[in-house]
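Okay, query.pdb now, which holds PDB, C-alpha atoms:
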```pdb
ATOM      1  CA  VAL A   1     -12.080 -34.951   5.442
ATOM      2  CA  THR A   2      -8.381 -34.303   5.393
ATOM      3  CA  ALA A   3      -8.945 -31.294   3.209
ATOM      4  CA  SER A   4     -11.435 -29.691   5.571
ATOM      5  CA  VAL A   5      -8.841 -28.548   8.094
ATOM      6  CA  PRO A   6      -6.605 -26.843   5.540
ATOM      7  CA  ALA A   7      -9.729 -25.371   3.977
ATOM      8  CA  ALA A   8     -10.728 -23.845   7.295
ATOM      9  CA  VAL A   9      -7.231 -22.474   7.747
ATOM     10  CA  ALA A  10      -7.268 -21.047   4.244
ATOM     11  CA  HIS A  11     -10.677 -19.488   4.845
ATOM     12  CA  THR A  12      -9.471 -17.897   8.083
ATOM     13  CA  SER A  13      -6.458 -16.564   6.262
ATOM     14  CA  SER A  14      -8.697 -15.162   3.533
ATOM     15  CA  TRP A  15     -10.795 -13.391   6.095
ATOM     16  CA  TYR A  16      -7.692 -11.688   7.491
ATOM     17  CA  TRP A  17      -7.005 -10.558   3.954
ATOM     18  CA  TYR A  18     -10.505  -9.206   3.377
ATOM     19  CA  PHE A  19     -10.452  -7.540   6.764
ATOM     20  CA  GLY A  20      -7.048  -6.039   6.063
ATOM     21  CA  ARG A  21      -8.281  -4.577   2.816
ATOM     22  CA  ALA A  22     -11.463  -3.224   4.401
ATOM     23  CA  THR A  23      -9.598  -1.620   7.309
ATOM     24  CA  GLY A  24      -7.155  -0.056   4.852
ATOM     25  CA  LEU A  25      -9.940   1.722   3.019
ATOM     26  CA  VAL A  26     -11.725   2.717   6.216
ATOM     27  CA  ALA A  27      -8.443   4.093   7.573
ATOM     28  CA  LEU A  28      -8.060   6.206   4.448
ATOM     29  CA  VAL A  29     -11.549   7.666   4.908
ATOM     30  CA  LEU A  30     -10.871   8.334   8.605
ATOM     31  CA  LEU A  31      -7.539   9.975   7.828
ATOM     32  CA  THR A  32      -9.258  12.110   5.232
ATOM     33  CA  ALA A  33     -11.906  13.216   7.729
ATOM     34  CA  THR A  34      -9.155  13.973  10.241
ATOM     35  CA  ILE A  35      -7.125  16.020   7.810
ATOM     36  CA  VAL A  36     -10.190  17.924   6.595
ATOM     37  CA  LEU A  37     -11.137  18.894  10.157
ATOM     38  CA  GLY A  38      -7.527  19.860  10.782
ATOM     39  CA  VAL A  39      -7.243  21.925   7.618
ATOM     40  CA  LEU A  40     -10.532  23.691   8.277
ATOM     41  CA  GLY A  41      -9.721  24.267  11.964
ATOM     42  CA  PRO A  42      -7.881  27.567  11.550
ATOM     43  CA  LEU A  43     -10.750  28.863   9.422
ATOM     44  CA  ARG A  44     -12.667  29.077  12.710
ATOM     45  CA  ILE A  45     -15.668  27.302  11.308
ATOM     46  CA  SER A  46     -18.053  26.736  14.174
ATOM     47  CA  SER A  47     -21.621  27.122  15.264
ATOM     48  CA  THR A  48     -23.544  27.296  18.499
ATOM     49  CA  VAL A  49     -24.301  23.586  18.108
ATOM     50  CA  TRP A  50     -20.710  22.682  17.224
ATOM     51  CA  PRO A  51     -18.337  25.118  18.933
ATOM     52  CA  ARG A  52     -14.661  25.144  18.038
ATOM     53  CA  PHE A  53     -13.556  23.050  20.994
ATOM     54  CA  ALA A  54     -16.022  20.346  19.919
ATOM     55  CA  ILE A  55     -14.574  20.316  16.400
ATOM     56  CA  ARG A  56     -11.054  20.161  17.848
ATOM     57  CA  THR A  57     -12.057  17.235  20.057
ATOM     58  CA  LEU A  58     -13.611  15.454  17.094
ATOM     59  CA  HIS A  59     -10.429  16.041  15.092
ATOM     60  CA  ARG A  60      -8.339  14.497  17.869
ATOM     61  CA  ASP A  61     -10.718  11.546  18.312
ATOM     62  CA  LEU A  62     -10.731  10.821  14.586
ATOM     63  CA  ALA A  63      -6.924  10.878  14.523
ATOM     64  CA  LEU A  64      -6.762   8.391  17.401
ATOM     65  CA  LEU A  65      -9.393   6.201  15.757
ATOM     66  CA  SER A  66      -7.396   6.306  12.508
ATOM     67  CA  LEU A  67      -4.353   5.034  14.376
ATOM     68  CA  LEU A  68      -6.399   2.228  15.901
ATOM     69  CA  VAL A  69      -7.848   1.190  12.535
ATOM     70  CA  ILE A  70      -4.387   1.300  10.940
ATOM     71  CA  ALA A  71      -3.081  -0.901  13.764
ATOM     72  CA  ILE A  72      -5.877  -3.407  13.066
ATOM     73  CA  HIS A  73      -5.069  -3.156   9.344
ATOM     74  CA  VAL A  74      -1.412  -3.996  10.008
ATOM     75  CA  VAL A  75      -2.252  -6.889  12.335
ATOM     76  CA  ALA A  76      -4.754  -8.342   9.851
ATOM     77  CA  VAL A  77      -2.244  -8.213   6.992
ATOM     78  CA  VAL A  78       0.508  -9.742   9.138
ATOM     79  CA  LEU A  79      -1.796 -12.516  10.371
ATOM     80  CA  ASP A  80      -2.974 -13.270   6.854
ATOM     81  CA  GLY A  81       0.163 -15.219   6.213
ATOM     82  CA  TYR A  82      -0.353 -15.712   2.500
ATOM     83  CA  VAL A  83       2.313 -13.181   1.819
ATOM     84  CA  HIS A  84       5.106 -12.785   4.309
ATOM     85  CA  VAL A  85       4.708  -9.348   5.810
ATOM     86  CA  PRO A  86       6.617  -9.002   9.077
ATOM     87  CA  LEU A  87       5.183  -6.811  11.805
ATOM     88  CA  SER A  88       8.246  -4.561  11.648
ATOM     89  CA  VAL A  89       7.170  -3.418   8.168
ATOM     90  CA  ALA A  90       4.479  -1.325   9.854
ATOM     91  CA  VAL A  91       7.118   1.125  11.028
ATOM     92  CA  LEU A  92      10.216   0.231   9.029
ATOM     93  CA  PRO A  93      10.223   1.042   5.318
ATOM     94  CA  VAL A  94      12.355  -2.027   4.607
ATOM     95  CA  GLY A  95      11.917  -5.741   5.049
ATOM     96  CA  SER A  96       8.801  -6.466   3.074
ATOM     97  CA  SER A  97       9.090  -8.958   0.269
ATOM     98  CA  TYR A  98       5.601  -8.034  -0.872
ATOM     99  CA  ARG A  99       5.503  -4.903  -3.042
ATOM    100  CA  PRO A 100       8.374  -3.369  -1.073
ATOM    101  CA  PHE A 101       8.135   0.142  -2.491
ATOM    102  CA  TRP A 102       4.437   0.617  -1.813
ATOM    103  CA  MET A 103       4.699  -1.040   1.589
ATOM    104  CA  ALA A 104       7.555   1.335   2.432
ATOM    105  CA  LEU A 105       5.314   4.284   1.601
ATOM    106  CA  GLY A 106       2.728   2.936   4.016
ATOM    107  CA  ALA A 107       5.351   2.511   6.738
ATOM    108  CA  VAL A 108       6.650   6.062   6.304
ATOM    109  CA  SER A 109       3.101   7.405   6.313
ATOM    110  CA  PHE A 110       2.367   5.505   9.531
ATOM    111  CA  ASP A 111       5.587   6.783  11.137
ATOM    112  CA  LEU A 112       4.689  10.365  10.290
ATOM    113  CA  LEU A 113       1.187   9.858  11.648
ATOM    114  CA  LEU A 114       2.614   8.417  14.863
ATOM    115  CA  ALA A 115       4.880  11.438  15.228
ATOM    116  CA  ILE A 116       1.963  13.799  14.616
ATOM    117  CA  VAL A 117      -0.294  12.089  17.134
ATOM    118  CA  LEU A 118       2.444  11.763  19.773
ATOM    119  CA  THR A 119       3.472  15.422  19.531
ATOM    120  CA  SER A 120      -0.196  16.382  19.710
ATOM    121  CA  LEU A 121      -0.802  14.305  22.818
ATOM    122  CA  LEU A 122       2.389  15.712  24.404
ATOM    123  CA  ARG A 123       1.957  19.194  23.021
ATOM    124  CA  ARG A 124       2.650  20.890  26.341
ATOM    125  CA  GLN A 125       5.933  19.045  26.703
ATOM    126  CA  PHE A 126       7.092  19.639  23.137
ATOM    127  CA  GLY A 127       5.830  23.188  22.788
ATOM    128  CA  ASN A 128       3.764  24.799  20.097
ATOM    129  CA  ARG A 129       6.612  25.364  17.672
ATOM    130  CA  ILE A 130       7.640  21.701  17.426
ATOM    131  CA  TRP A 131       3.999  20.611  17.414
ATOM    132  CA  ARG A 132       3.269  22.925  14.500
ATOM    133  CA  LEU A 133       6.353  21.835  12.562
ATOM    134  CA  VAL A 134       5.530  18.152  13.026
ATOM    135  CA  HIS A 135       1.895  18.799  12.197
ATOM    136  CA  TRP A 136       2.940  20.064   8.772
ATOM    137  CA  LEU A 137       4.061  16.491   8.101
ATOM    138  CA  THR A 138       0.386  15.632   7.709
ATOM    139  CA  TYR A 139       0.645  17.026   4.222
ATOM    140  CA  ALA A 140       3.233  14.333   3.498
ATOM    141  CA  SER A 141       1.649  11.525   5.490
ATOM    142  CA  TRP A 142      -1.748  11.616   3.827
ATOM    143  CA  PRO A 143      -0.544  11.513   0.170
ATOM    144  CA  LEU A 144       1.824   8.700   1.108
ATOM    145  CA  ALA A 145      -1.117   6.779   2.572
ATOM    146  CA  VAL A 146      -3.101   7.341  -0.626
ATOM    147  CA  ALA A 147      -0.164   6.166  -2.749
ATOM    148  CA  HIS A 148       0.274   3.130  -0.485
ATOM    149  CA  GLY A 149      -3.394   2.256  -0.951
ATOM    150  CA  LEU A 150      -3.250   2.690  -4.708
ATOM    151  CA  GLY A 151      -0.065   0.701  -5.056
ATOM    152  CA  THR A 152      -0.744  -2.054  -2.561
ATOM    153  CA  GLY A 153      -4.503  -2.297  -2.412
ATOM    154  CA  SER A 154      -5.730  -5.242  -4.388
ATOM    155  CA  ASP A 155      -9.009  -3.428  -4.994
ATOM    156  CA  SER A 156      -7.477  -0.146  -6.049
ATOM    157  CA  THR A 157      -8.433  -0.709  -9.654
ATOM    158  CA  GLN A 158     -12.050  -1.504  -8.800
ATOM    159  CA  VAL A 159     -14.493   1.280  -9.590
ATOM    160  CA  TRP A 160     -15.855   1.535  -6.058
ATOM    161  CA  ALA A 161     -12.381   1.653  -4.514
ATOM    162  CA  LEU A 162     -11.258   4.250  -7.028
ATOM    163  CA  ALA A 163     -14.389   6.276  -6.239
ATOM    164  CA  ILE A 164     -13.516   6.242  -2.531
ATOM    165  CA  THR A 165      -9.920   7.273  -3.211
ATOM    166  CA  VAL A 166     -10.846   9.998  -5.694
ATOM    167  CA  GLY A 167     -13.576  11.242  -3.334
ATOM    168  CA  CYS A 168     -11.081  11.471  -0.468
ATOM    169  CA  CYS A 169      -8.596  13.337  -2.677
ATOM    170  CA  ALA A 170     -11.280  15.755  -3.866
ATOM    171  CA  VAL A 171     -12.444  16.537  -0.320
ATOM    172  CA  VAL A 172      -8.895  17.208   0.875
ATOM    173  CA  VAL A 173      -8.068  19.371  -2.152
ATOM    174  CA  VAL A 174     -11.233  21.452  -1.655
ATOM    175  CA  ALA A 175     -10.469  21.868   2.070
ATOM    176  CA  ALA A 176      -6.861  22.839   1.332
ATOM    177  CA  LEU A 177      -7.960  25.357  -1.295
ATOM    178  CA  ALA A 178     -10.470  26.843   1.147
ATOM    179  CA  ARG A 179      -7.708  27.141   3.724
ATOM    180  CA  VAL A 180      -5.315  28.801   1.293
ATOM    181  CA  GLN A 181      -7.990  31.175   0.048
ATOM    182  CA  ARG A 182      -9.048  32.102   3.557
ATOM    183  CA  SER A 183      -5.494  32.535   4.785
ATOM    184  CA  GLN A 184      -4.904  35.193   2.168
ATOM    185  CA  LEU A 185      -7.903  37.264   3.254
ATOM    186  CA  PRO A 186      -6.634  38.518   6.651
ATOM    187  CA  ARG A 187      -3.366  39.613   5.061
ATOM    188  CA  ALA A 188      -5.241  41.753   2.579
ATOM    189  CA  ARG A 189      -7.309  43.212   5.421
ATOM    190  CA  THR A 190      -4.291  44.016   7.579
ATOM    191  CA  ARG A 191      -2.342  45.507   4.732
ATOM    192  CA  ALA A 192      -5.083  47.845   3.645
ATOM    193  CA  PRO A 193      -5.262  49.971   6.821
ATOM    194  CA  SER A 194      -1.473  49.958   7.248
ATOM    195  CA  GLN A 195      -0.885  51.658   3.936
ATOM    196  CA  PRO A 196      -2.532  54.939   4.871
ATOM    197  CA  LEU A 197      -0.660  54.876   8.173
ATOM    198  CA  GLU A 198       2.651  54.488   6.388
ATOM    199  CA  ALA A 199       1.648  57.188   3.967
ATOM    200  CA  GLU A 200       0.899  59.488   6.892
ATOM    201  CA  ARG A 201       4.297  58.666   8.436
ATOM    202  CA  GLY A 202       6.071  59.258   5.156
TER
ATOM    203  CA  MET B   1     -22.336  47.578  46.741
ATOM    204  CA  LEU B   2     -23.602  49.889  44.035
ATOM    205  CA  PRO B   3     -26.678  48.830  42.074
ATOM    206  CA  GLU B   4     -24.696  49.091  38.816
ATOM    207  CA  GLN B   5     -22.084  46.638  40.116
ATOM    208  CA  SER B   6     -24.638  44.077  41.246
ATOM    209  CA  SER B   7     -26.354  44.341  37.881
ATOM    210  CA  SER B   8     -23.138  43.704  35.973
ATOM    211  CA  GLU B   9     -22.288  40.767  38.230
ATOM    212  CA  ALA B  10     -25.714  39.272  37.649
ATOM    213  CA  THR B  11     -25.262  39.653  33.919
ATOM    214  CA  ARG B  12     -21.845  38.017  34.138
ATOM    215  CA  THR B  13     -23.257  35.131  36.151
ATOM    216  CA  THR B  14     -26.038  34.628  33.622
ATOM    217  CA  VAL B  15     -23.583  34.640  30.727
ATOM    218  CA  GLN B  16     -21.298  32.199  32.523
ATOM    219  CA  ALA B  17     -24.188  29.877  33.307
ATOM    220  CA  ARG B  18     -25.316  30.021  29.691
ATOM    221  CA  ALA B  19     -21.782  29.240  28.482
ATOM    222  CA  ALA B  20     -21.532  26.320  30.895
ATOM    223  CA  ARG B  21     -24.833  24.932  29.641
ATOM    224  CA  ALA B  22     -23.631  25.284  26.040
ATOM    225  CA  ARG B  23     -20.390  23.486  26.901
ATOM    226  CA  ARG B  24     -22.272  20.650  28.575
ATOM    227  CA  ALA B  25     -24.555  20.318  25.548
ATOM    228  CA  ALA B  26     -21.565  20.328  23.199
ATOM    229  CA  ARG B  27     -19.824  17.653  25.282
ATOM    230  CA  SER B  28     -22.940  15.528  25.120
ATOM    231  CA  ARG B  29     -23.017  15.960  21.341
ATOM    232  CA  ILE B  30     -19.336  15.005  21.137
ATOM    233  CA  ALA B  31     -20.022  11.805  23.085
ATOM    234  CA  THR B  32     -22.920  10.971  20.767
ATOM    235  CA  ALA B  33     -20.825  11.691  17.681
ATOM    236  CA  ARG B  34     -17.985   9.599  19.087
ATOM    237  CA  ALA B  35     -20.251   6.602  19.613
ATOM    238  CA  ALA B  36     -21.839   7.053  16.186
ATOM    239  CA  ILE B  37     -18.436   7.250  14.478
ATOM    240  CA  ILE B  38     -17.155   4.124  16.244
ATOM    241  CA  ALA B  39     -20.323   2.223  15.337
ATOM    242  CA  ALA B  40     -20.112   3.461  11.747
ATOM    243  CA  VAL B  41     -16.451   2.473  11.458
ATOM    244  CA  ALA B  42     -17.098  -1.002  12.878
ATOM    245  CA  GLY B  43     -20.147  -1.522  10.673
ATOM    246  CA  THR B  44     -18.477  -0.182   7.541
ATOM    247  CA  THR B  45     -15.372  -2.294   8.078
ATOM    248  CA  CYS B  46     -17.364  -5.498   8.510
ATOM    249  CA  GLY B  47     -19.675  -4.618   5.613
ATOM    250  CA  LEU B  48     -16.753  -3.783   3.372
ATOM    251  CA  ALA B  49     -14.966  -7.025   4.285
ATOM    252  CA  LEU B  50     -18.120  -8.978   3.426
ATOM    253  CA  PHE B  51     -18.486  -7.051   0.182
ATOM    254  CA  ILE B  52     -14.878  -7.722  -0.790
ATOM    255  CA  GLN B  53     -15.304 -11.377   0.119
ATOM    256  CA  SER B  54     -18.453 -11.718  -1.955
ATOM    257  CA  SER B  55     -16.956  -9.911  -4.927
ATOM    258  CA  ALA B  56     -13.839 -12.077  -4.665
ATOM    259  CA  SER B  57     -15.818 -15.297  -4.467
ATOM    260  CA  GLY B  58     -17.907 -14.065  -7.383
ATOM    261  CA  SER B  59     -14.922 -14.352  -9.626
ATOM    262  CA  SER B  60     -12.441 -16.517  -7.849
ATOM    263  CA  ASN B  61     -10.770 -16.383  -4.531
ATOM    264  CA  ALA B  62      -7.461 -16.136  -6.207
ATOM    265  CA  SER B  63      -8.251 -13.185  -8.369
ATOM    266  CA  ALA B  64      -8.102 -10.880  -5.390
ATOM    267  CA  ARG B  65      -4.832 -12.377  -4.270
ATOM    268  CA  THR B  66      -3.484 -12.305  -7.754
ATOM    269  CA  SER B  67      -4.414  -8.707  -8.228
ATOM    270  CA  ALA B  68      -2.978  -7.992  -4.814
ATOM    271  CA  GLY B  69       0.485  -8.895  -5.754
ATOM    272  CA  GLY B  70       0.428 -10.972  -8.764
ATOM    273  CA  VAL B  71       1.286 -10.551 -12.323
ATOM    274  CA  PRO B  72      -2.009 -10.642 -14.161
ATOM    275  CA  GLY B  73      -2.200 -13.464 -16.579
ATOM    276  CA  SER B  74       0.887 -15.175 -15.361
ATOM    277  CA  VAL B  75      -0.666 -17.162 -12.568
ATOM    278  CA  GLN B  76      -3.400 -19.647 -12.147
ATOM    279  CA  PRO B  77      -6.247 -19.178  -9.701
ATOM    280  CA  LEU B  78      -5.424 -20.297  -6.230
ATOM    281  CA  PHE B  79      -8.583 -22.214  -5.441
ATOM    282  CA  ASP B  80      -9.915 -23.047  -8.836
ATOM    283  CA  GLY B  81     -10.181 -26.748  -8.384
ATOM    284  CA  GLY B  82      -8.052 -29.682  -9.118
ATOM    285  CA  GLY B  83      -4.500 -30.340  -8.276
ATOM    286  CA  GLY B  84      -1.812 -28.204  -9.636
ATOM    287  CA  SER B  85       1.872 -28.150  -9.715
ATOM    288  CA  ALA B  86       3.907 -26.181  -7.305
ATOM    289  CA  SER B  87       4.456 -23.567  -9.930
ATOM    290  CA  ASP B  88       0.848 -22.791 -10.746
ATOM    291  CA  ASP B  89      -0.768 -22.539  -7.368
ATOM    292  CA  GLY B  90      -1.259 -18.843  -7.374
ATOM    293  CA  GLY B  91       2.163 -17.929  -6.269
ATOM    294  CA  VAL B  92       3.767 -15.041  -7.957
ATOM    295  CA  HIS B  93       7.262 -15.479  -9.014
ATOM    296  CA  GLY B  94      10.001 -12.986  -8.843
ATOM    297  CA  SER B  95      10.232  -9.931  -6.687
ATOM    298  CA  ASP B  96       6.581  -9.374  -5.995
ATOM    299  CA  GLY B  97       6.448 -11.026  -2.658
ATOM    300  CA  TYR B  98       5.394 -14.565  -3.234
ATOM    301  CA  SER B  99       7.941 -17.266  -3.280
ATOM    302  CA  SER B 100       7.831 -19.634  -6.147
ATOM    303  CA  GLY B 101       5.280 -22.270  -5.460
ATOM    304  CA  ALA B 102       3.905 -20.459  -2.453
ATOM    305  CA  SER B 103       0.787 -21.868  -0.945
ATOM    306  CA  PRO B 104      -1.715 -20.511   1.512
ATOM    307  CA  PRO B 105      -1.408 -21.698   5.082
ATOM    308  CA  GLY B 106      -2.243 -25.339   5.451
ATOM    309  CA  VAL B 107      -2.064 -26.091   1.779
ATOM    310  CA  SER B 108       0.935 -27.954   0.565
ATOM    311  CA  SER B 109       2.398 -27.128  -2.787
ATOM    312  CA  GLY B 110       0.807 -29.000  -5.572
ATOM    313  CA  GLN B 111      -2.248 -29.922  -3.561
ATOM    314  CA  GLY B 112      -4.346 -27.477  -5.476
ATOM    315  CA  ASP B 113      -7.893 -26.850  -4.478
ATOM    316  CA  VAL B 114      -8.795 -27.487  -0.889
ATOM    317  CA  VAL B 115     -11.680 -25.096  -0.645
ATOM    318  CA  SER B 116     -14.085 -25.411  -3.464
ATOM    319  CA  GLY B 117     -13.595 -28.815  -4.817
ATOM    320  CA  GLY B 118     -10.734 -30.549  -3.248
ATOM    321  CA  SER B 119     -12.439 -33.727  -2.115
TER
END
```
Rendering of file as structure tokens:
Amino acid sequence: VTASVPAAVAHTSSWYWYFGRATGLVALVLLTATIVLGVLGPLRISSTVWPRFAIRTLHRDLALLSLLVIAIHVVAVVLDGYVHVPLSVAVLPVGSSYRPFWMALGAVSFDLLLAIVLTSLLRRQFGNRIWRLVHWLTYASWPLAVAHGLGTGSDSTQVWALAITVGCCAVVVVAALARVQRSQLPRARTRAPSQPLEAERG
Amino acid sequence: MLPEQSSSEATRTTVQARAARARRAARSRIATARAAIIAAVAGTTCGLALFIQSSASGSSNASARTSAGGVPGSVQPLFDGGGGSASDDGGVHGSDGYSSGASPPGVSSGQGDVVSGGS
């Protein structure tokens, strides 16, 4: 009888742990979807069913949802209590006694994401130039989040977890390659007509 | 007003009305997608937590914890039954986050199993 109360407490704690791990993986998938929509945005991919403003709205919503899921992830891990992870570790890359390096990567990734989301929400106040500069930090935030998951996630060596992580990486790499490839096309098009003009001037 | 002007205005009005309808339809689709994504995220998170829990209990509750921060092979399962000493209760020693002899909340050091067979 005396053991039942501690058992219940331990079970509750375990559930925080399981929930923390699940939200971590879901956050990674959401971040990946966000970054893919963001990377593909300038490619002007749209349709009559999904116009560009709808894709932009979806991109913003996914980013906000990612933040929410990450917040739940942090709270679940802090509440777990088995390992001492202070709440400040969510934003400060120091102070965690549990896998400090990998936790620091997660904190930095979260900070960058916060900066990206805040400058996006206050884009008019900050201006396009700052927004764009901060938005480039996405390319640092996402790999840091992946590294944090691989280093901290207790399931990172499981086949299914690895499949999720590798799948996310593959999708982002393909989207980034598509963006790079597409970004080179307009330059080629603009250069081609300018050459005859310059030749005429010369 | 010239007939040409009224014709162009009518065309413009039609195009604007069509664009407004398309925007409304897109907004409706966004709302549907939003709800679907939130439901999917909630469902996936709960499903994943259950899956992790079941896979952890399939081996031992401690294995997940151990792999989370432990040194494989250097610790004993957390809830594997029987009493244990403060040094073999699943805590990981050194710089990996667990203090020596650490116990889960509500479990005193050395008490050992309180979940699966601690009666």
Item to complete: Please evaluate the PyMOL selection byres ((chain A and resi 91-96) around 12) against the displayed coordinates and give the resulting residues as a PyMOL selection string.
Response: (chain A and resi 70-71+74+77-78+83-90+97-115+148+152) or (chain B and resi 95-98)
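Minimum distance to chain A across B:Val15, B:Ala49, B:Ala31, B:Ile37 (counting all atoms listed in the file) occurs at B:Ala49.
Atom CA of B:Arg34 to atom CA of A:Leu64 spans 11.4 Å [interatomic distance, one decimal].
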Discussion item. Can you translate the PyMOL selection byres ((chain B and resi 16-26) around 9) into the concrete residues it hits in this file, as a PyMOL selection string?
Written reply: (chain A and resi 48-51+53-54) or (chain B and resi 11-15+27-31)
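Here the question is which of B:Ala35, B:Ala10, B:Ala42, B:Leu48 gets nearest to chain A using only C-alpha atoms, and that residue is B:Leu48.
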Practice prompt. With the file shown as input, list the residues that the PyMOL selection byres ((chain B and resi 41) around 10) selects, as a list in words.
Written response: Thr23, Val26, Ala27, Val29, Leu30, Leu65, Ser66 and Val69 of chain A; Ala35, Ala36, Ile37, Ile38, Ala39, Ala40, Ala42, Gly43, Thr44, Thr45, Cys46 and Gly47 of chain B
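From atom CA of A:Ile55 back to atom CA of A:Val166, the distance works out to 24.7 Å.
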Using 5 Å of padding on each side, determine the axis-aligned box around all atoms of stretch 16-28 of chain B present in the file and give its centre and edge lengths in Å to one decimal, as lines of an AutoDock Vina configuration file.
```
center_x = -22.6
center_y = 23.9
center_z = 28.3
size_x = 15.5
size_y = 26.7
size_z = 20.1
```
Worksheet item: Mind listing as a ChimeraX atom specification all residues within 7 Å of (-10.6, 19.3, 3.0), counting only C-alpha atoms?
Response: /A:35-36,39-40,171-176
Worksheet item: So what do you get for atom CA of A:Arg60 versus atom CA of A:Ser120, distance-wise?
Response: 8.6 Å
Practice prompt. Please provide the set of residues having any atom within 8 Å of A:Thr34, restricted to all atoms listed in the file, with same-chain residues fewer than 5 positions apart removed, written as an MDAnalysis selection string.
Written response: chainID A and resid 59:60 62:63
Resulting file, chosen residues, C-alpha atoms, as a PDB file, keeping the file's coordinate frame:
```
ATOM      1  CA  HIS A  59     -10.429  16.041  15.092  1.00  0.00           C
ATOM      2  CA  ARG A  60      -8.339  14.497  17.869  1.00  0.00           C
ATOM      3  CA  LEU A  62     -10.731  10.821  14.586  1.00  0.00           C
ATOM      4  CA  ALA A  63      -6.924  10.878  14.523  1.00  0.00           C
TER       5      ALA A  63
END
```
For stretch 139-144 of chain A, supply all heavy atoms and format the output as a PDB file, in the frame of the given file.
```pdb
ATOM      1  N   TYR A 139       0.755  16.838   5.666  1.00  0.00           N
ATOM      2  CA  TYR A 139       0.645  17.026   4.222  1.00  0.00           C
ATOM      3  C   TYR A 139       1.520  16.048   3.448  1.00  0.00           C
ATOM      4  O   TYR A 139       1.384  15.921   2.232  1.00  0.00           O
ATOM      5  CB  TYR A 139       1.003  18.474   3.853  1.00  0.00           C
ATOM      6  CG  TYR A 139      -0.047  19.450   4.329  1.00  0.00           C
ATOM      7  CD1 TYR A 139       0.151  20.221   5.463  1.00  0.00           C
ATOM      8  CD2 TYR A 139      -1.257  19.572   3.657  1.00  0.00           C
ATOM      9  CE1 TYR A 139      -0.815  21.095   5.917  1.00  0.00           C
ATOM     10  CE2 TYR A 139      -2.229  20.441   4.101  1.00  0.00           C
ATOM     11  CZ  TYR A 139      -2.005  21.203   5.231  1.00  0.00           C
ATOM     12  OH  TYR A 139      -2.979  22.057   5.680  1.00  0.00           O
ATOM     13  N   ALA A 140       2.444  15.394   4.133  1.00  0.00           N
ATOM     14  CA  ALA A 140       3.233  14.333   3.498  1.00  0.00           C
ATOM     15  C   ALA A 140       2.639  12.963   3.811  1.00  0.00           C
ATOM     16  O   ALA A 140       2.613  12.079   2.964  1.00  0.00           O
ATOM     17  CB  ALA A 140       4.683  14.401   3.985  1.00  0.00           C
ATOM     18  N   SER A 141       2.160  12.831   5.042  1.00  0.00           N
ATOM     19  CA  SER A 141       1.649  11.525   5.490  1.00  0.00           C
ATOM     20  C   SER A 141       0.425  11.088   4.692  1.00  0.00           C
ATOM     21  O   SER A 141       0.343   9.926   4.264  1.00  0.00           O
ATOM     22  CB  SER A 141       1.299  11.604   6.983  1.00  0.00           C
ATOM     23  OG  SER A 141       0.632  10.450   7.394  1.00  0.00           O
ATOM     24  N   TRP A 142      -0.496  11.999   4.491  1.00  0.00           N
ATOM     25  CA  TRP A 142      -1.748  11.616   3.827  1.00  0.00           C
ATOM     26  C   TRP A 142      -1.528  11.200   2.362  1.00  0.00           C
ATOM     27  O   TRP A 142      -2.017  10.135   1.954  1.00  0.00           O
ATOM     28  CB  TRP A 142      -2.770  12.749   3.934  1.00  0.00           C
ATOM     29  CG  TRP A 142      -4.089  12.386   3.372  1.00  0.00           C
ATOM     30  CD1 TRP A 142      -5.071  11.660   3.965  1.00  0.00           C
ATOM     31  CD2 TRP A 142      -4.566  12.692   2.058  1.00  0.00           C
ATOM     32  NE1 TRP A 142      -6.137  11.499   3.118  1.00  0.00           N
ATOM     33  CE2 TRP A 142      -5.851  12.126   1.945  1.00  0.00           C
ATOM     34  CE3 TRP A 142      -4.028  13.389   0.973  1.00  0.00           C
ATOM     35  CZ2 TRP A 142      -6.610  12.242   0.784  1.00  0.00           C
ATOM     36  CZ3 TRP A 142      -4.785  13.507  -0.177  1.00  0.00           C
ATOM     37  CH2 TRP A 142      -6.058  12.931  -0.257  1.00  0.00           C
ATOM     38  N   PRO A 143      -0.784  11.982   1.549  1.00  0.00           N
ATOM     39  CA  PRO A 143      -0.544  11.513   0.170  1.00  0.00           C
ATOM     40  C   PRO A 143       0.198  10.181   0.115  1.00  0.00           C
ATOM     41  O   PRO A 143      -0.062   9.370  -0.770  1.00  0.00           O
ATOM     42  CB  PRO A 143       0.304  12.632  -0.454  1.00  0.00           C
ATOM     43  CG  PRO A 143       0.077  13.811   0.395  1.00  0.00           C
ATOM     44  CD  PRO A 143      -0.189  13.302   1.767  1.00  0.00           C
ATOM     45  N   LEU A 144       1.111   9.981   1.073  1.00  0.00           N
ATOM     46  CA  LEU A 144       1.824   8.700   1.108  1.00  0.00           C
ATOM     47  C   LEU A 144       0.851   7.553   1.374  1.00  0.00           C
ATOM     48  O   LEU A 144       0.963   6.477   0.785  1.00  0.00           O
ATOM     49  CB  LEU A 144       2.917   8.727   2.181  1.00  0.00           C
ATOM     50  CG  LEU A 144       4.162   9.554   1.874  1.00  0.00           C
ATOM     51  CD1 LEU A 144       5.092   9.575   3.087  1.00  0.00           C
ATOM     52  CD2 LEU A 144       4.904   8.994   0.669  1.00  0.00           C
TER      53      LEU A 144
END
```
